file input34.pdb (PDB, C-alpha atoms)
MODEL        1
ATOM      1  CA  MET A   1      66.668 114.047  81.580
ATOM      2  CA  THR A   2      68.306 113.063  78.309
ATOM      3  CA  GLU A   3      71.263 110.744  77.790
ATOM      4  CA  VAL A   4      73.533 113.696  77.086
ATOM      5  CA  GLU A   5      72.461 115.424  80.305
ATOM      6  CA  ILE A   6      73.088 112.220  82.272
ATOM      7  CA  LEU A   7      76.567 111.866  80.776
ATOM      8  CA  MET A   8      77.327 115.558  81.398
ATOM      9  CA  LEU A   9      76.287 115.139  85.047
ATOM     10  CA  GLN A  10      78.557 112.113  85.289
ATOM     11  CA  ALA A  11      81.443 114.092  83.775
ATOM     12  CA  GLN A  12      80.936 116.913  86.279
ATOM     13  CA  ASN A  13      80.785 114.454  89.180
ATOM     14  CA  ASN A  14      83.950 112.725  87.985
ATOM     15  CA  GLN A  15      85.774 116.056  87.657
ATOM     16  CA  GLY A  16      84.877 117.060  91.203
ATOM     17  CA  THR A  17      85.833 113.665  92.563
ATOM     18  CA  GLY A  18      89.073 113.760  90.561
ATOM     19  CA  MET A  19      90.079 117.108  92.061
ATOM     20  CA  TYR A  20      89.427 115.725  95.533
ATOM     21  CA  GLN A  21      91.467 112.636  94.632
ATOM     22  CA  VAL A  22      94.465 114.818  93.773
ATOM     23  CA  ALA A  23      94.238 116.419  97.219
ATOM     24  CA  MET A  24      93.995 112.987  98.826
ATOM     25  CA  ALA A  25      97.049 111.721  96.921
ATOM     26  CA  PHE A  26      98.995 114.710  98.249
ATOM     27  CA  SER A  27      97.699 114.015 101.767
ATOM     28  CA  ILE A  28      98.846 110.394 101.531
ATOM     29  CA  TRP A  29     102.293 111.628 100.518
ATOM     30  CA  VAL A  30     102.278 113.904 103.586
ATOM     31  CA  ALA A  31     101.252 110.907 105.730
ATOM     32  CA  PHE A  32     104.196 108.916 104.308
ATOM     33  CA  ARG A  33     106.559 111.778 105.133
ATOM     34  CA  ALA A  34     105.113 112.165 108.647
ATOM     35  CA  ALA A  35     105.429 108.403 109.251
ATOM     36  CA  ALA A  36     109.059 108.392 108.116
ATOM     37  CA  ASN A  37     109.867 111.451 110.227
ATOM     38  CA  VAL A  38     108.218 110.060 113.354
ATOM     39  CA  GLY A  39     109.833 106.658 112.857
ATOM     40  CA  GLN A  40     113.316 108.162 112.462
ATOM     41  CA  ASN A  41     113.277 111.112 114.846
ATOM     42  CA  TYR A  42     110.548 110.460 117.422
ATOM     43  CA  SER A  43     110.532 106.677 117.806
ATOM     44  CA  ASP A  44     110.437 106.997 121.603
ATOM     45  CA  ASN A  45     107.546 109.524 121.666
ATOM     46  CA  ILE A  46     104.231 107.657 121.934
ATOM     47  CA  LEU A  47     102.148 110.810 121.364
ATOM     48  CA  ALA A  48     103.932 111.521 118.091
ATOM     49  CA  LYS A  49     103.394 107.916 117.009
ATOM     50  CA  ILE A  50      99.690 108.074 117.847
ATOM     51  CA  ALA A  51      99.228 111.443 116.113
ATOM     52  CA  ALA A  52     101.011 110.286 112.950
ATOM     53  CA  SER A  53      98.996 107.055 112.939
ATOM     54  CA  ILE A  54      95.695 108.904 113.332
ATOM     55  CA  PHE A  55      96.620 111.332 110.562
ATOM     56  CA  GLY A  56      97.688 108.526 108.238
ATOM     57  CA  LEU A  57      94.663 106.326 108.856
ATOM     58  CA  GLY A  58      92.315 109.319 108.633
ATOM     59  CA  THR A  59      93.834 110.250 105.302
ATOM     60  CA  LEU A  60      93.428 106.654 104.142
ATOM     61  CA  PHE A  61      89.756 106.748 105.190
ATOM     62  CA  PHE A  62      89.094 109.834 103.074
ATOM     63  CA  PHE A  63      91.086 108.342 100.169
ATOM     64  CA  ASN A  64      88.736 105.353 100.340
ATOM     65  CA  MET A  65      85.730 107.684 100.529
ATOM     66  CA  THR A  66      86.849 109.351  97.308
ATOM     67  CA  TYR A  67      86.899 105.955  95.584
ATOM     68  CA  ALA A  68      83.447 105.191  97.040
ATOM     69  CA  PHE A  69      82.052 108.453  95.626
ATOM     70  CA  TRP A  70      83.579 107.717  92.219
ATOM     71  CA  SER A  71      82.055 104.232  92.241
ATOM     72  CA  PHE A  72      78.697 105.659  93.294
ATOM     73  CA  ASN A  73      78.872 108.255  90.504
ATOM     74  CA  MET A  74      79.396 105.489  87.953
ATOM     75  CA  VAL A  75      76.567 103.228  89.151
ATOM     76  CA  SER A  76      74.271 106.248  89.519
ATOM     77  CA  SER A  77      74.884 107.191  85.896
ATOM     78  CA  GLY A  78      74.079 103.644  84.830
ATOM     79  CA  HIS A  79      70.929 103.742  86.960
ATOM     80  CA  ARG A  80      69.805 107.023  85.374
ATOM     81  CA  LEU A  81      70.389 105.607  81.895
ATOM     82  CA  ALA A  82      68.488 102.418  82.796
ATOM     83  CA  GLU A  83      65.563 104.518  84.067
ATOM     84  CA  LEU A  84      65.601 106.569  80.873
ATOM     85  CA  GLN A  85      65.582 103.393  78.783
ATOM     86  CA  ALA A  86      62.762 101.850  80.877
ATOM     87  CA  SER A  87      60.642 104.975  80.481
ATOM     88  CA  GLY A  88      60.886 104.705  76.699
ATOM     89  CA  GLY A  89      63.548 107.348  76.192
ATOM     90  CA  GLU A  90      66.093 107.031  73.427
ATOM     91  CA  ILE A  91      69.415 105.477  74.402
ATOM     92  CA  SER A  92      72.392 105.175  72.090
ATOM     93  CA  ALA A  93      74.365 101.969  71.668
ATOM     94  CA  LEU A  94      77.006 103.477  73.951
ATOM     95  CA  GLY A  95      74.355 104.097  76.617
ATOM     96  CA  VAL A  96      73.105 100.515  76.346
ATOM     97  CA  SER A  97      76.706  99.308  76.652
ATOM     98  CA  PHE A  98      77.240 101.540  79.716
ATOM     99  CA  ILE A  99      74.153 100.059  81.382
ATOM    100  CA  ALA A 100      75.353  96.519  80.676
ATOM    101  CA  ASN A 101      78.953  97.141  81.761
ATOM    102  CA  SER A 102      77.979  98.876  85.002
ATOM    103  CA  GLY A 103      75.365  96.249  85.865
ATOM    104  CA  ALA A 104      72.846  99.033  86.316
ATOM    105  CA  SER A 105      69.142  98.561  86.882
ATOM    106  CA  THR A 106      66.143 100.726  87.665
ATOM    107  CA  THR A 107      66.663 100.000  91.365
ATOM    108  CA  PRO A 108      68.437 102.992  92.912
ATOM    109  CA  PRO A 109      72.039 102.226  93.930
ATOM    110  CA  THR A 110      73.208 102.523  97.515
ATOM    111  CA  PHE A 111      76.353 104.253  98.702
ATOM    112  CA  SER A 112      78.930 102.034 100.388
ATOM    113  CA  LEU A 113      82.355 102.712 101.856
ATOM    114  CA  ALA A 114      83.297  99.047 101.476
ATOM    115  CA  PRO A 115      85.521  98.710  98.401
ATOM    116  CA  SER A 116      84.274  96.150  95.911
ATOM    117  CA  GLU A 117      87.433  95.889  93.815
ATOM    118  CA  PRO A 118      90.066  93.442  95.146
ATOM    119  CA  VAL A 119      92.888  95.506  93.646
ATOM    120  CA  PHE A 120      91.711  98.604  95.509
ATOM    121  CA  ILE A 121      91.533  96.617  98.758
ATOM    122  CA  LEU A 122      95.150  95.571  98.213
ATOM    123  CA  LEU A 123      96.083  99.191  97.499
ATOM    124  CA  LEU A 124      94.484 100.334 100.764
ATOM    125  CA  LEU A 125      96.284  97.615 102.711
ATOM    126  CA  ALA A 126      99.616  98.510 101.087
ATOM    127  CA  ILE A 127      99.186 102.202 101.907
ATOM    128  CA  ALA A 128      98.203 101.382 105.502
ATOM    129  CA  TYR A 129     101.300  99.198 105.855
ATOM    130  CA  MET A 130     103.530 101.893 104.324
ATOM    131  CA  ILE A 131     102.166 104.430 106.817
ATOM    132  CA  LEU A 132     102.191 102.295 109.961
ATOM    133  CA  ARG A 133     105.406 100.289 109.435
ATOM    134  CA  PRO A 134     107.833 103.219 109.798
ATOM    135  CA  ILE A 135     105.965 104.437 112.891
ATOM    136  CA  TRP A 136     105.516 101.213 114.845
ATOM    137  CA  GLY A 137     108.145  98.892 113.319
ATOM    138  CA  SER A 138     111.625  98.387 114.648
ATOM    139  CA  ASN A 139     114.352 100.780 113.470
ATOM    140  CA  LYS A 140     116.965  98.107 112.722
TER
ENDMDL
END

call {"tool": "encode", "arguments": {"input": "input34.pdb", "output": "structure tokens"}}
result
Amino acid sequence: MTEVEILMLQAQNNQGTGMYQVAMAFSIWVAFRAAANVGQNYSDNILAKIAASIFGLGTLFFFNMTYAFWSFNMVSSGHRLAELQASGGEISALGVSFIANSGASTTPPTFSLAPSEPVFILLLLAIAYMILRPIWGSNK
């Protein structure tokens, strides 16, 4: 596999993940709307609260999974470039920079659902709060 093929594969993976991310952003918006509706109109209905909470947290799980796939796509591309470089293949300066910036090595990366970026962790916590607060908080 050449450097161009590796970068094309990365671009295709990022496009697919990006399209899924758009769907997840819409689903989070729907979860916000459902949480607000349940909190305002069904605050005494425990089944509605549970259903809205499950939908919201499930959506948040898949939103996180999308980020995990994007992260895996990036480290996998760096790994492929590092393998190409180690096997004696030609790598451009941009490819060398990509390997260095991604911290890639010839050891295959592992997939993880645990976010590694502190900002993304804060984003997940903020979204969870914005979903659960209208459902379970007081309506004062």

call {"tool": "closest_residue", "arguments": {"input": "input34.pdb", "among": "A:Gln85, A:Tyr67, A:Ala100, A:Gly137", "to": "Ile121 of chain A", "atoms": "all atoms listed in the file"}}
result
A:Tyr67

call {"tool": "residues_near_point", "arguments": {"input": "input34.pdb", "point": "(103.0, 105.1, 101.7)", "cutoff": "12 Å", "atoms": "only C-alpha atoms", "output": "list of chain:residue names"}}
result
A:Ala25, A:Phe26, A:Ser27, A:Ile28, A:Trp29, A:Val30, A:Ala31, A:Phe32, A:Arg33, A:Ala34, A:Ala35, A:Ala36, A:Gly56, A:Leu57, A:Thr59, A:Leu60, A:Leu123, A:Leu124, A:Leu125, A:Ala126, A:Ile127, A:Ala128, A:Tyr129, A:Met130, A:Ile131, A:Leu132, A:Arg133, A:Pro134, A:Ile135

call {"tool": "atom_distance", "arguments": {"input": "input34.pdb", "atom1": "atom CA of Thr66 of chain A", "atom2": "atom CA of Thr110 of chain A"}}
result
15.3 Å

call {"tool": "residues_around", "arguments": {"input": "input34.pdb", "residues": "segment 70-84 of chain A", "least_positions_apart": "2", "cutoff": "9 Å", "atoms": "only C-alpha atoms", "output": "ChimeraX atom specification"}}
result
/A:1-3,6-7,9-10,13-14,17-18,65-68,86-91,95-96,98-112,115

call {"tool": "atom_distance", "arguments": {"input": "input34.pdb", "atom1": "atom CA of Ala51 of chain A", "atom2": "atom CA of Phe69 of chain A"}}
result
26.9 Å

call {"tool": "atom_distance", "arguments": {"input": "input34.pdb", "atom1": "atom CA of Ser116 of chain A", "atom2": "atom CA of Asn64 of chain A"}}
result
11.1 Å

call {"tool": "axis_aligned_box", "arguments": {"input": "input34.pdb", "around": "segment 99-113 of chain A", "padding_each_side": "6 Å", "output": "AutoDock Vina command-line options"}}
result
--center_x 74.2 --center_y 100.3 --center_z 91.3 --size_x 28.2 --size_y 20.0 --size_z 33.2

call {"tool": "residues_near_point", "arguments": {"input": "input34.pdb", "point": "(109.6, 109.2, 113.2)", "cutoff": "10 Å", "atoms": "all atoms listed in the file", "output": "ChimeraX atom specification"}}
result
/A:33-45,48-49,52,134-136,139

call {"tool": "closest_residue", "arguments": {"input": "input34.pdb", "among": "A:Glu5, A:Phe63, A:Ile46, A:Ala23", "to": "Leu113 of chain A", "atoms": "all atoms listed in the file"}}
result
A:Phe63

call {"tool": "build_atoms", "arguments": {"input": "input34.pdb", "residues": "segment 124-136 of chain A", "atoms": "N, CA and C atoms", "output": "short mmCIF file (atom, residue, chain, number, x, y, z; two decimals), in the frame of the given file"}}
result
data_model
loop_
_atom_site.label_atom_id
_atom_site.label_comp_id
_atom_site.auth_asym_id
_atom_site.auth_seq_id
_atom_site.Cartn_x
_atom_site.Cartn_y
_atom_site.Cartn_z
N LEU A 124 94.72 99.77 99.43
CA LEU A 124 94.48 100.33 100.76
C LEU A 124 95.35 99.66 101.82
N LEU A 125 95.45 98.34 101.75
CA LEU A 125 96.28 97.62 102.71
C LEU A 125 97.76 97.99 102.55
N ALA A 126 98.22 98.13 101.32
CA ALA A 126 99.62 98.51 101.09
C ALA A 126 99.90 99.91 101.63
N ILE A 127 98.99 100.84 101.40
CA ILE A 127 99.19 102.20 101.91
C ILE A 127 99.17 102.20 103.44
N ALA A 128 98.25 101.46 104.03
CA ALA A 128 98.20 101.38 105.50
C ALA A 128 99.52 100.82 106.05
N TYR A 129 100.03 99.78 105.41
CA TYR A 129 101.30 99.20 105.86
C TYR A 129 102.43 100.21 105.71
N MET A 130 102.46 100.93 104.58
CA MET A 130 103.53 101.89 104.32
C MET A 130 103.46 103.09 105.27
N ILE A 131 102.30 103.35 105.83
CA ILE A 131 102.17 104.43 106.82
C ILE A 131 102.54 103.93 108.22
N LEU A 132 102.03 102.77 108.59
CA LEU A 132 102.19 102.30 109.96
C LEU A 132 103.54 101.62 110.22
N ARG A 133 104.14 101.00 109.24
CA ARG A 133 105.41 100.29 109.44
C ARG A 133 106.54 101.20 109.92
N PRO A 134 106.75 102.36 109.29
CA PRO A 134 107.83 103.22 109.80
C PRO A 134 107.57 103.75 111.22
N ILE A 135 106.31 103.88 111.58
CA ILE A 135 105.96 104.44 112.89
C ILE A 135 106.14 103.39 113.98
N TRP A 136 105.59 102.20 113.79
CA TRP A 136 105.52 101.21 114.84
C TRP A 136 106.53 100.07 114.68
#
